[in-house]
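Pasting structure_1.csv here (CSV, C-alpha atoms):
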```
chain,number,residue,atom,x,y,z
A,1,MET,CA,-30.2,22.1,-46.8
A,2,LYS,CA,-27.6,21.5,-49.5
A,3,HIS,CA,-29.5,23.7,-52.0
A,4,LYS,CA,-29.9,26.5,-49.3
A,5,SER,CA,-26.1,26.3,-48.7
A,6,ILE,CA,-25.4,26.7,-52.4
A,7,LEU,CA,-27.8,29.6,-52.7
A,8,TRP,CA,-26.3,31.3,-49.7
A,9,ALA,CA,-22.7,30.9,-51.1
A,10,ALA,CA,-23.9,32.4,-54.4
A,11,CYS,CA,-25.4,35.4,-52.6
A,12,LEU,CA,-22.1,36.0,-50.7
A,13,SER,CA,-20.2,35.7,-53.9
A,14,LEU,CA,-22.4,38.3,-55.6
A,15,ALA,CA,-22.1,40.6,-52.6
A,16,ALA,CA,-18.3,40.3,-52.6
A,17,GLY,CA,-18.2,41.0,-56.4
A,18,GLY,CA,-20.3,44.1,-55.8
A,19,ALA,CA,-17.9,45.3,-53.1
A,20,LEU,CA,-14.9,44.9,-55.3
A,21,ALA,CA,-16.6,47.0,-58.0
A,22,GLN,CA,-17.5,49.9,-55.7
A,23,SER,CA,-17.2,53.3,-57.3
A,24,SER,CA,-17.6,56.9,-56.2
A,25,VAL,CA,-18.0,60.1,-58.1
A,26,VAL,CA,-17.5,63.5,-56.5
A,27,VAL,CA,-18.5,66.9,-57.8
A,28,GLY,CA,-16.7,69.8,-56.1
A,29,GLY,CA,-14.5,72.9,-56.6
A,30,VAL,CA,-13.6,76.3,-55.3
A,31,LEU,CA,-15.1,79.7,-55.6
A,32,ASP,CA,-12.8,82.6,-54.7
A,33,SER,CA,-13.4,86.3,-55.2
A,34,ALA,CA,-11.4,89.4,-54.1
A,35,VAL,CA,-11.3,93.1,-54.4
A,36,ARG,CA,-8.0,94.1,-56.0
A,37,TYR,CA,-6.0,97.4,-56.2
A,38,VAL,CA,-3.0,97.7,-58.5
A,39,ARG,CA,-0.8,100.7,-59.2
A,40,ASN,CA,2.0,100.4,-61.8
A,41,GLU,CA,4.6,103.1,-62.0
A,42,GLY,CA,3.9,105.5,-64.9
A,43,SER,CA,0.1,104.8,-64.8
A,44,GLY,CA,-2.8,105.4,-62.5
A,45,ALA,CA,-4.3,102.8,-60.1
A,46,ILE,CA,-6.9,100.3,-61.2
A,47,ARG,CA,-9.5,98.7,-58.9
A,48,SER,CA,-11.3,95.5,-59.8
A,49,LEU,CA,-13.2,92.5,-58.7
A,50,VAL,CA,-11.1,89.4,-59.5
A,51,SER,CA,-11.4,85.6,-59.2
A,52,GLY,CA,-9.0,83.0,-57.8
A,53,SER,CA,-6.6,85.1,-55.7
A,54,SER,CA,-6.1,82.6,-52.8
A,55,GLN,CA,-7.0,79.4,-54.8
A,56,THR,CA,-8.0,79.3,-58.4
A,57,SER,CA,-11.8,79.1,-58.9
A,58,ARG,CA,-12.7,75.8,-60.4
A,59,LEU,CA,-15.2,73.1,-61.0
A,60,VAL,CA,-14.1,69.5,-60.4
A,61,PHE,CA,-15.5,66.1,-61.4
A,62,ARG,CA,-13.6,63.1,-60.1
A,63,GLY,CA,-14.2,59.5,-59.5
A,64,GLU,CA,-12.7,56.1,-58.7
A,65,GLU,CA,-13.7,52.5,-59.1
A,66,ASP,CA,-12.2,49.8,-56.9
A,67,LEU,CA,-11.3,46.9,-59.1
A,68,GLY,CA,-10.1,44.7,-56.3
A,69,SER,CA,-6.7,43.3,-55.4
A,70,GLY,CA,-5.4,46.8,-54.8
A,71,LEU,CA,-6.3,48.1,-58.3
A,72,ALA,CA,-8.4,51.1,-59.1
A,73,ALA,CA,-9.5,53.1,-62.1
A,74,GLY,CA,-10.1,56.8,-61.9
A,75,PHE,CA,-10.8,60.0,-63.7
A,76,TRP,CA,-10.3,63.7,-63.0
A,77,LEU,CA,-11.9,66.6,-64.9
A,78,GLU,CA,-11.2,70.1,-63.7
A,79,SER,CA,-12.3,73.4,-65.4
A,80,GLY,CA,-11.2,76.9,-64.4
A,81,LEU,CA,-13.8,79.6,-64.0
A,82,SER,CA,-14.1,83.3,-63.3
A,83,ALA,CA,-16.2,83.7,-60.1
A,84,ASP,CA,-16.6,87.5,-60.9
A,85,THR,CA,-18.2,86.9,-64.3
A,86,GLY,CA,-19.2,83.2,-64.5
A,87,ALA,CA,-17.1,82.7,-67.6
A,88,SER,CA,-14.9,79.7,-68.3
A,89,THR,CA,-11.2,80.4,-68.2
A,90,GLY,CA,-10.2,77.6,-70.5
A,91,GLY,CA,-11.1,79.0,-73.9
A,92,PRO,CA,-11.5,76.1,-76.3
A,93,GLN,CA,-10.4,73.7,-73.5
A,94,PHE,CA,-13.3,73.5,-71.1
A,95,PHE,CA,-11.3,71.2,-68.8
A,96,ASP,CA,-8.2,73.4,-69.1
A,97,ARG,CA,-6.8,72.6,-65.6
A,98,ARG,CA,-6.8,68.9,-65.7
A,99,ALA,CA,-8.3,66.0,-67.8
A,100,THR,CA,-6.9,62.6,-66.9
A,101,LEU,CA,-7.8,58.9,-66.9
A,102,SER,CA,-5.8,56.6,-64.6
A,103,LEU,CA,-5.2,53.1,-63.5
A,104,SER,CA,-3.5,52.7,-60.1
A,105,SER,CA,-2.1,49.9,-57.9
A,106,ARG,CA,-1.3,50.2,-54.2
A,107,GLY,CA,1.9,48.4,-54.7
A,108,VAL,CA,3.1,49.5,-58.1
A,109,GLY,CA,1.9,53.1,-58.6
A,110,GLU,CA,-0.3,54.9,-61.1
A,111,VAL,CA,-0.4,55.3,-64.9
A,112,ARG,CA,-2.2,58.6,-65.8
A,113,LEU,CA,-3.2,59.7,-69.3
A,114,GLY,CA,-4.2,63.2,-70.5
A,115,ARG,CA,-3.6,66.8,-69.5
A,116,ASP,CA,-1.9,67.4,-66.1
A,117,TYR,CA,0.7,69.4,-64.2
A,118,VAL,CA,4.3,69.0,-65.3
A,119,PRO,CA,6.8,67.6,-62.7
A,120,THR,CA,8.6,70.9,-62.1
A,121,TYR,CA,5.4,72.8,-61.4
A,122,SER,CA,4.1,70.0,-59.1
A,123,ILE,CA,7.0,70.7,-56.8
A,124,TRP,CA,7.3,74.5,-57.3
A,125,VAL,CA,3.7,75.2,-56.3
A,126,ARG,CA,4.2,73.3,-53.0
A,127,HIS,CA,6.9,75.8,-52.1
A,128,ASP,CA,4.9,78.9,-53.0
A,129,PRO,CA,2.6,79.9,-50.1
A,130,PHE,CA,0.4,81.9,-52.4
A,131,SER,CA,-0.2,78.9,-54.6
A,132,HIS,CA,1.0,80.5,-57.8
A,133,VAL,CA,-2.0,82.9,-57.9
A,134,GLY,CA,-3.0,86.3,-56.6
A,135,VAL,CA,-1.0,89.5,-56.3
A,136,ALA,CA,1.9,87.7,-54.6
A,137,GLY,CA,1.9,84.5,-56.6
A,138,SER,CA,5.1,83.3,-58.3
A,139,ASN,CA,3.2,83.1,-61.6
A,140,ASN,CA,4.0,86.8,-62.0
A,141,PHE,CA,7.5,85.8,-63.1
A,142,SER,CA,6.7,82.7,-65.1
A,143,SER,CA,5.0,84.3,-68.2
A,144,ALA,CA,5.9,85.2,-71.7
A,145,SER,CA,5.6,89.0,-70.9
A,146,GLN,CA,9.4,89.5,-71.0
A,147,GLN,CA,12.1,88.9,-73.5
A,148,GLY,CA,13.7,85.6,-72.3
A,149,PRO,CA,13.6,81.9,-72.6
A,150,VAL,CA,9.8,81.4,-72.1
A,151,ARG,CA,8.8,83.8,-74.9
A,152,SER,CA,11.5,82.6,-77.2
A,153,ALA,CA,10.5,78.9,-76.9
A,154,PHE,CA,6.7,79.4,-76.9
A,155,GLY,CA,5.8,82.8,-78.2
A,156,THR,CA,2.9,84.3,-76.4
A,157,GLY,CA,0.8,81.1,-76.6
A,158,PRO,CA,0.5,78.2,-74.1
A,159,ASN,CA,3.7,77.0,-72.5
A,160,THR,CA,4.8,74.0,-70.4
A,161,THR,CA,5.8,75.8,-67.2
A,162,VAL,CA,2.6,74.6,-65.6
A,163,ARG,CA,0.8,71.9,-67.6
A,164,SER,CA,1.1,69.6,-70.6
A,165,SER,CA,-1.5,68.0,-72.8
A,166,ASN,CA,-1.2,64.6,-74.5
A,167,ALA,CA,0.8,63.2,-71.6
A,168,VAL,CA,1.5,59.8,-70.2
A,169,GLU,CA,2.6,59.7,-66.6
A,170,LEU,CA,4.1,57.0,-64.3
A,171,LEU,CA,3.8,57.9,-60.6
A,172,LEU,CA,5.4,56.0,-57.6
A,173,PRO,CA,3.0,54.6,-55.1
A,174,ALA,CA,2.5,56.0,-51.6
A,175,GLY,CA,4.0,54.2,-48.6
A,176,LEU,CA,7.6,54.3,-49.6
A,177,GLY,CA,8.9,56.0,-46.5
A,178,GLY,CA,8.5,59.5,-47.9
A,179,LEU,CA,10.0,58.7,-51.3
A,180,GLU,CA,8.0,60.1,-54.2
A,181,GLY,CA,8.5,60.6,-57.9
A,182,GLY,CA,7.1,60.5,-61.3
A,183,LEU,CA,7.9,60.4,-65.1
A,184,MET,CA,6.0,62.3,-67.8
A,185,VAL,CA,6.2,61.9,-71.5
A,186,ALA,CA,4.0,64.0,-73.9
A,187,ALA,CA,3.7,63.7,-77.7
A,188,GLY,CA,3.8,66.8,-79.9
A,189,GLU,CA,1.4,65.0,-82.3
A,190,GLY,CA,2.8,67.0,-85.2
A,191,GLY,CA,1.2,70.2,-83.9
A,192,THR,CA,2.4,73.7,-83.0
A,193,ALA,CA,3.3,75.6,-79.9
A,194,ALA,CA,0.5,78.0,-80.6
A,195,ASN,CA,-2.0,75.1,-80.0
A,196,GLY,CA,-0.2,73.8,-77.0
A,197,GLN,CA,1.1,70.7,-78.8
A,198,ASP,CA,4.6,70.3,-77.4
A,199,LYS,CA,6.9,67.2,-77.2
A,200,LEU,CA,7.9,66.9,-73.6
A,201,THR,CA,9.8,64.6,-71.2
A,202,GLY,CA,9.9,65.3,-67.5
A,203,ILE,CA,10.9,63.6,-64.2
A,204,ARG,CA,10.8,64.4,-60.5
A,205,ILE,CA,12.1,62.6,-57.5
A,206,GLY,CA,12.0,63.6,-53.8
A,207,TRP,CA,11.6,62.7,-50.2
A,208,GLN,CA,9.1,64.4,-47.9
A,209,SER,CA,8.3,63.8,-44.2
A,210,GLU,CA,6.1,65.9,-41.9
A,211,THR,CA,9.1,68.1,-41.0
A,212,LEU,CA,11.6,67.9,-43.8
A,213,GLY,CA,11.6,67.6,-47.6
A,214,ALA,CA,14.0,67.7,-50.6
A,215,HIS,CA,13.1,67.5,-54.2
A,216,LEU,CA,14.5,67.9,-57.7
A,217,ALA,CA,12.8,67.9,-61.1
A,218,GLN,CA,13.4,68.6,-64.8
A,219,VAL,CA,11.2,69.1,-67.9
A,220,THR,CA,12.5,69.3,-71.5
A,221,THR,CA,10.2,70.6,-74.2
A,222,SER,CA,10.5,71.0,-78.0
A,223,ASN,CA,8.1,72.3,-80.6
A,224,ASP,CA,8.0,74.1,-83.9
A,225,LEU,CA,9.6,77.3,-82.4
A,226,THR,CA,12.6,75.6,-80.7
A,227,SER,CA,14.9,75.5,-83.7
A,228,ALA,CA,17.9,76.5,-81.5
A,229,GLY,CA,17.5,73.5,-79.1
A,230,LYS,CA,15.2,72.4,-76.4
A,231,PHE,CA,13.6,74.4,-73.7
A,232,LYS,CA,14.8,73.2,-70.3
A,233,ASP,CA,13.0,73.8,-66.9
A,234,THR,CA,15.0,72.6,-63.9
A,235,LEU,CA,14.1,72.8,-60.2
A,236,PHE,CA,15.7,72.2,-56.8
A,237,ALA,CA,13.6,72.6,-53.7
A,238,ALA,CA,13.7,72.0,-49.9
A,239,ASN,CA,11.4,72.7,-46.9
A,240,GLY,CA,11.4,72.2,-43.2
A,241,ALA,CA,9.1,72.9,-40.2
A,242,VAL,CA,9.8,74.0,-36.7
A,243,GLY,CA,6.7,74.0,-34.6
A,244,PRO,CA,3.9,76.0,-36.3
A,245,VAL,CA,6.4,77.6,-38.8
A,246,ARG,CA,7.3,76.0,-42.1
A,247,MET,CA,10.1,77.4,-44.3
A,248,TYR,CA,10.5,76.8,-48.1
A,249,ALA,CA,13.3,77.4,-50.6
A,250,ALA,CA,13.2,76.7,-54.3
A,251,LEU,CA,15.5,77.4,-57.2
A,252,ARG,CA,14.0,77.1,-60.7
A,253,GLN,CA,15.7,77.9,-64.1
A,254,TYR,CA,14.2,78.3,-67.5
A,255,LYS,CA,16.8,77.9,-70.3
A,256,TYR,CA,16.5,78.2,-74.1
A,257,ALA,CA,19.3,78.9,-76.6
A,258,LEU,CA,21.4,81.8,-75.2
A,259,SER,CA,18.9,83.0,-72.7
A,260,ARG,CA,18.0,81.9,-69.2
A,261,GLU,CA,15.8,83.0,-66.3
A,262,THR,CA,16.6,81.8,-62.8
A,263,LEU,CA,14.0,82.1,-60.1
A,264,LEU,CA,14.8,82.1,-56.4
A,265,LEU,CA,11.8,81.6,-54.1
A,266,LEU,CA,12.2,81.9,-50.3
A,267,SER,CA,9.0,81.7,-48.2
A,268,THR,CA,7.5,81.0,-44.8
A,269,VAL,CA,4.1,80.1,-43.5
A,270,ALA,CA,3.2,80.3,-39.8
A,271,THR,CA,0.0,78.8,-38.4
A,272,TRP,CA,-1.6,79.8,-35.2
A,273,GLY,CA,-5.1,78.3,-34.7
A,274,PRO,CA,-7.3,79.4,-37.6
A,275,VAL,CA,-4.8,82.0,-38.8
A,276,ASP,CA,-2.1,81.5,-41.5
A,277,LEU,CA,0.5,84.2,-42.0
A,278,LYS,CA,2.5,84.1,-45.2
A,279,VAL,CA,5.6,85.9,-46.6
A,280,SER,CA,7.6,85.3,-49.8
A,281,TYR,CA,10.6,86.7,-51.6
A,282,LEU,CA,11.0,86.0,-55.3
A,283,ARG,CA,13.9,87.0,-57.4
A,284,ALA,CA,14.1,86.7,-61.2
A,285,ASN,CA,17.7,86.8,-62.6
A,286,MET,CA,17.9,87.2,-66.4
A,287,LYS,CA,21.0,86.2,-68.3
A,288,GLY,CA,22.2,85.9,-71.9
A,289,LYS,CA,20.8,87.2,-75.2
A,290,VAL,CA,17.6,87.0,-77.2
A,291,GLY,CA,18.8,87.5,-80.7
A,292,ALA,CA,21.2,90.4,-80.5
A,293,ALA,CA,19.6,91.9,-77.4
A,294,ALA,CA,21.2,91.4,-74.0
A,295,ILE,CA,18.8,90.7,-71.2
A,296,ASP,CA,21.3,90.6,-68.3
A,297,ALA,CA,20.1,93.8,-66.7
A,298,ASN,CA,16.4,93.0,-66.8
A,299,ASP,CA,16.0,91.5,-63.4
A,300,ALA,CA,13.2,91.9,-60.9
A,301,THR,CA,12.3,91.3,-57.2
A,302,GLN,CA,8.9,90.6,-55.7
A,303,VAL,CA,8.0,90.6,-52.0
A,304,GLY,CA,4.6,89.3,-50.8
A,305,LEU,CA,2.7,89.3,-47.5
A,306,GLY,CA,-0.6,87.7,-46.7
A,307,ALA,CA,-2.9,86.4,-44.0
A,308,ILE,CA,-5.8,83.9,-44.1
A,309,TYR,CA,-8.4,83.5,-41.4
A,310,ASN,CA,-10.1,80.1,-41.7
A,311,LEU,CA,-13.7,80.4,-40.8
A,312,SER,CA,-14.1,76.6,-41.2
A,313,LYS,CA,-12.6,73.7,-43.1
A,314,ARG,CA,-14.2,75.0,-46.2
A,315,SER,CA,-14.4,78.8,-45.9
A,316,ALA,CA,-11.8,81.5,-45.4
A,317,LEU,CA,-11.2,85.2,-45.4
A,318,TYR,CA,-7.8,86.6,-46.7
A,319,ALA,CA,-5.8,89.7,-47.4
A,320,GLN,CA,-2.5,90.0,-49.2
A,321,GLY,CA,-0.2,92.5,-50.8
A,322,ALA,CA,2.9,92.5,-53.0
A,323,ARG,CA,5.4,94.8,-54.7
A,324,ILE,CA,7.5,94.2,-57.7
A,325,ASN,CA,10.7,96.2,-58.4
A,326,ASN,CA,12.1,96.0,-61.9
A,327,ASP,CA,15.6,96.6,-63.1
A,328,GLY,CA,16.8,97.6,-66.6
A,329,LYS,CA,14.1,97.2,-69.2
A,330,ALA,CA,12.1,94.6,-67.2
A,331,THR,CA,8.3,95.2,-67.1
A,332,PHE,CA,7.2,92.4,-64.7
A,333,SER,CA,3.9,93.5,-63.2
A,334,ILE,CA,1.0,92.3,-61.0
A,335,PRO,CA,-2.1,91.3,-63.1
A,336,GLY,CA,-4.9,93.8,-63.1
A,337,GLY,CA,-2.9,97.0,-63.6
A,338,ALA,CA,-2.3,99.5,-66.4
A,339,ALA,CA,0.8,99.7,-68.6
A,340,MET,CA,4.1,99.4,-66.8
A,341,THR,CA,7.1,101.7,-67.2
A,342,ALA,CA,10.4,99.8,-68.0
A,343,GLY,CA,12.4,99.4,-64.8
A,344,GLY,CA,9.4,100.6,-62.7
A,345,SER,CA,7.5,99.2,-59.8
A,346,SER,CA,4.2,97.4,-59.4
A,347,THR,CA,2.2,97.5,-56.1
A,348,ALA,CA,-1.0,95.7,-55.3
A,349,PHE,CA,-3.3,94.8,-52.4
A,350,GLU,CA,-6.4,92.5,-52.3
A,351,ALA,CA,-8.9,91.1,-49.9
A,352,GLY,CA,-11.3,88.3,-50.5
A,353,VAL,CA,-13.3,85.3,-49.5
A,354,ARG,CA,-12.8,81.6,-50.5
A,355,HIS,CA,-15.2,78.7,-50.3
A,356,ASN,CA,-14.3,75.1,-51.1
A,357,PHE,CA,-17.3,72.9,-51.9
```
Whole structure given in structure tokens:
Amino acid sequence: MKHKSILWAACLSLAAGGALAQSSVVVGGVLDSAVRYVRNEGSGAIRSLVSGSSQTSRLVFRGEEDLGSGLAAGFWLESGLSADTGASTGGPQFFDRRATLSLSSRGVGEVRLGRDYVPTYSIWVRHDPFSHVGVAGSNNFSSASQQGPVRSAFGTGPNTTVRSSNAVELLLPAGLGGLEGGLMVAAGEGGTAANGQDKLTGIRIGWQSETLGAHLAQVTTSNDLTSAGKFKDTLFAANGAVGPVRMYAALRQYKYALSRETLLLLSTVATWGPVDLKVSYLRANMKGKVGAAAIDANDATQVGLGAIYNLSKRSALYAQGARINNDGKATFSIPGGAAMTAGGSSTAFEAGVRHNF
């Protein structure tokens, strides 16, 4: 009986050890395709089949291992793809959207290593009902297409308005009464802005409940092009809900040397059963100079409208439209169109289907 008791205890111990080491790996992603129409002032209309207008099409591999005592190790690999052609969108970076390895604790938080979203973007995208993509996405005003701080600090190569490589992150744990935050530090590794090797520090802090939220964040970047100082990306955002309607407001500023671009985003999402109705107003206010050229008059405004009909938890149909009006020499435009006339307008519509798997 004694030997049987010892054997039984050993079996229980092995079973417990196996439970502590439980792990899971998930393969999933999004496929999103739409038919798009874009007309830019001064040019004819272009019709196309596009990918990722409601959510970016992607392939995701993620996993987590329970280490016991509230600890876990995990990984996340995410690659963008074009649903209309089957091509990867990452170029030389196959896992262009995210590639992280992490160690987390329920009581302390998470340490995350690799390529991930910068703190300002993590908050900004929550307040954009079009998820920073599609004809009405706020990404239309966060590119290097214009003379301003983004192009001055990064050229036409990768920038840190969305992601950073070579990063170390510290994230607060859940369960702090709505308090959330994180710190990110990235090493330039002696590289160049053209290769996305930027030295970066970023921080975010905020509070979010089911009905109210307030957040602030800042990211500072330097590279081989920022000889006139550091590129600064600062964000303030708030949101609130009344019944089925949630309202968002966000103010974001890009600043480098004598130039700055300030973005004001106001948006609303109303949900009735399977239907989501979305509207957004986005204003880009340019100030200062790039070299000897003044950019104060090169402002722009974008208005977006959209509707999603959720067929299920995974599948949805959507339609959305947007219009950009440029001032001065600004040439902000909706992707997929022809050449834009300075100070002209860009108008677009699209309808598509999305499936999460």
At most 10 Å is the cut-off: for each residue in stretch 198-310 of chain A with any atom that close to an atom of stretch 317-335 of chain A, write down the nearest atom pair and the distance in Å rounded to one decimal, counting all atoms listed in the file, chain first then increasing number, as JSON lines.
```
{"residue": "A:Val275", "atom": "CA", "partner": "A:Tyr318", "partner_atom": "CA", "distance": 9.6}
{"residue": "A:Asp276", "atom": "CA", "partner": "A:Tyr318", "partner_atom": "CA", "distance": 9.2}
{"residue": "A:Leu277", "atom": "CA", "partner": "A:Gln320", "partner_atom": "CA", "distance": 9.7}
{"residue": "A:Lys278", "atom": "CA", "partner": "A:Gln320", "partner_atom": "CA", "distance": 8.7}
{"residue": "A:Val279", "atom": "CA", "partner": "A:Gln320", "partner_atom": "CA", "distance": 9.4}
{"residue": "A:Ser280", "atom": "CA", "partner": "A:Ala322", "partner_atom": "CA", "distance": 9.2}
{"residue": "A:Tyr281", "atom": "CA", "partner": "A:Ala322", "partner_atom": "CA", "distance": 9.7}
{"residue": "A:Leu282", "atom": "CA", "partner": "A:Ile324", "partner_atom": "CA", "distance": 9.2}
{"residue": "A:Arg283", "atom": "CA", "partner": "A:Ile324", "partner_atom": "CA", "distance": 9.6}
{"residue": "A:Ala284", "atom": "CA", "partner": "A:Asn326", "partner_atom": "CA", "distance": 9.5}
{"residue": "A:Met286", "atom": "CA", "partner": "A:Ala330", "partner_atom": "CA", "distance": 9.4}
{"residue": "A:Ile295", "atom": "CA", "partner": "A:Lys329", "partner_atom": "CA", "distance": 8.3}
{"residue": "A:Asp296", "atom": "CA", "partner": "A:Gly328", "partner_atom": "CA", "distance": 8.5}
{"residue": "A:Ala297", "atom": "CA", "partner": "A:Gly328", "partner_atom": "CA", "distance": 5.0}
{"residue": "A:Asn298", "atom": "CA", "partner": "A:Ala330", "partner_atom": "CA", "distance": 4.6}
{"residue": "A:Asp299", "atom": "CA", "partner": "A:Asp327", "partner_atom": "CA", "distance": 5.1}
{"residue": "A:Ala300", "atom": "CA", "partner": "A:Asn326", "partner_atom": "CA", "distance": 4.4}
{"residue": "A:Thr301", "atom": "CA", "partner": "A:Asn325", "partner_atom": "CA", "distance": 5.3}
{"residue": "A:Gln302", "atom": "CA", "partner": "A:Ile324", "partner_atom": "CA", "distance": 4.3}
{"residue": "A:Val303", "atom": "CA", "partner": "A:Ala322", "partner_atom": "CA", "distance": 5.5}
{"residue": "A:Gly304", "atom": "CA", "partner": "A:Ala322", "partner_atom": "CA", "distance": 4.2}
{"residue": "A:Leu305", "atom": "CA", "partner": "A:Gly321", "partner_atom": "CA", "distance": 5.4}
{"residue": "A:Gly306", "atom": "CA", "partner": "A:Gln320", "partner_atom": "CA", "distance": 3.9}
{"residue": "A:Ala307", "atom": "CA", "partner": "A:Ala319", "partner_atom": "CA", "distance": 5.6}
{"residue": "A:Ile308", "atom": "CA", "partner": "A:Tyr318", "partner_atom": "CA", "distance": 4.2}
{"residue": "A:Tyr309", "atom": "CA", "partner": "A:Leu317", "partner_atom": "CA", "distance": 5.2}
{"residue": "A:Asn310", "atom": "CA", "partner": "A:Leu317", "partner_atom": "CA", "distance": 6.4}
```
**OP:** Rank A:Lys232, A:Leu212, A:Phe130, A:Asp116 by their smallest atom-to-atom distance to A:Val185, using only C-alpha atoms, and report the top residue only.
**Re:** A:Asp116
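Reported to one decimal place, the separation of atom CA of A:Ser259 from atom CA of A:Val290 is 6.2 Å.
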Subject >> Spatial neighbours of stretch 95-103 of chain A, max dist 6 Å, all atoms listed in the file, sep filter under 6 positions, as a ChimeraX atom specification >> reply: /A:72-79,110-116
**OP:** Would you be able to write out as a PyMOL selection string which residues have an atom within 9 Å of (-8.6, 95.6, -55.7) in the file's coordinates, counting all atoms listed in the file?
**Re:** chain A and resi 34-38+46-50+336+348-351
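Across the structure, atom CA of A:Leu31 and atom CA of A:Ser143 are spaced 24.2 Å apart.
Compared by their closest atoms to A:Pro92, and using all atoms listed in the file, the residues A:Val27, A:Gly291, A:Gly52, A:Gly196 rank with A:Gly196 nearest.
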Subject >> Among listed residues A:Tyr254, A:Trp207, A:Phe141, A:Phe154, nearest A:Gly181 (using all atoms listed in the file) >> reply: A:Trp207
Subject >> Two-atom distance - atom CA of A:Ala228, atom CA of A:Ser164 (Å) >> reply: 21.2 Å
Subject >> Minimum-distance residue to A:Ala144, chosen among A:Val60, A:Gly157, A:Ala338, A:His132 (using all atoms listed in the file) >> reply: A:Gly157
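Shortest atom-to-atom contact with A:Gly240 among A:Ser69, A:Thr347, A:Asn223, A:Glu210: A:Glu210, counting only C-alpha atoms.
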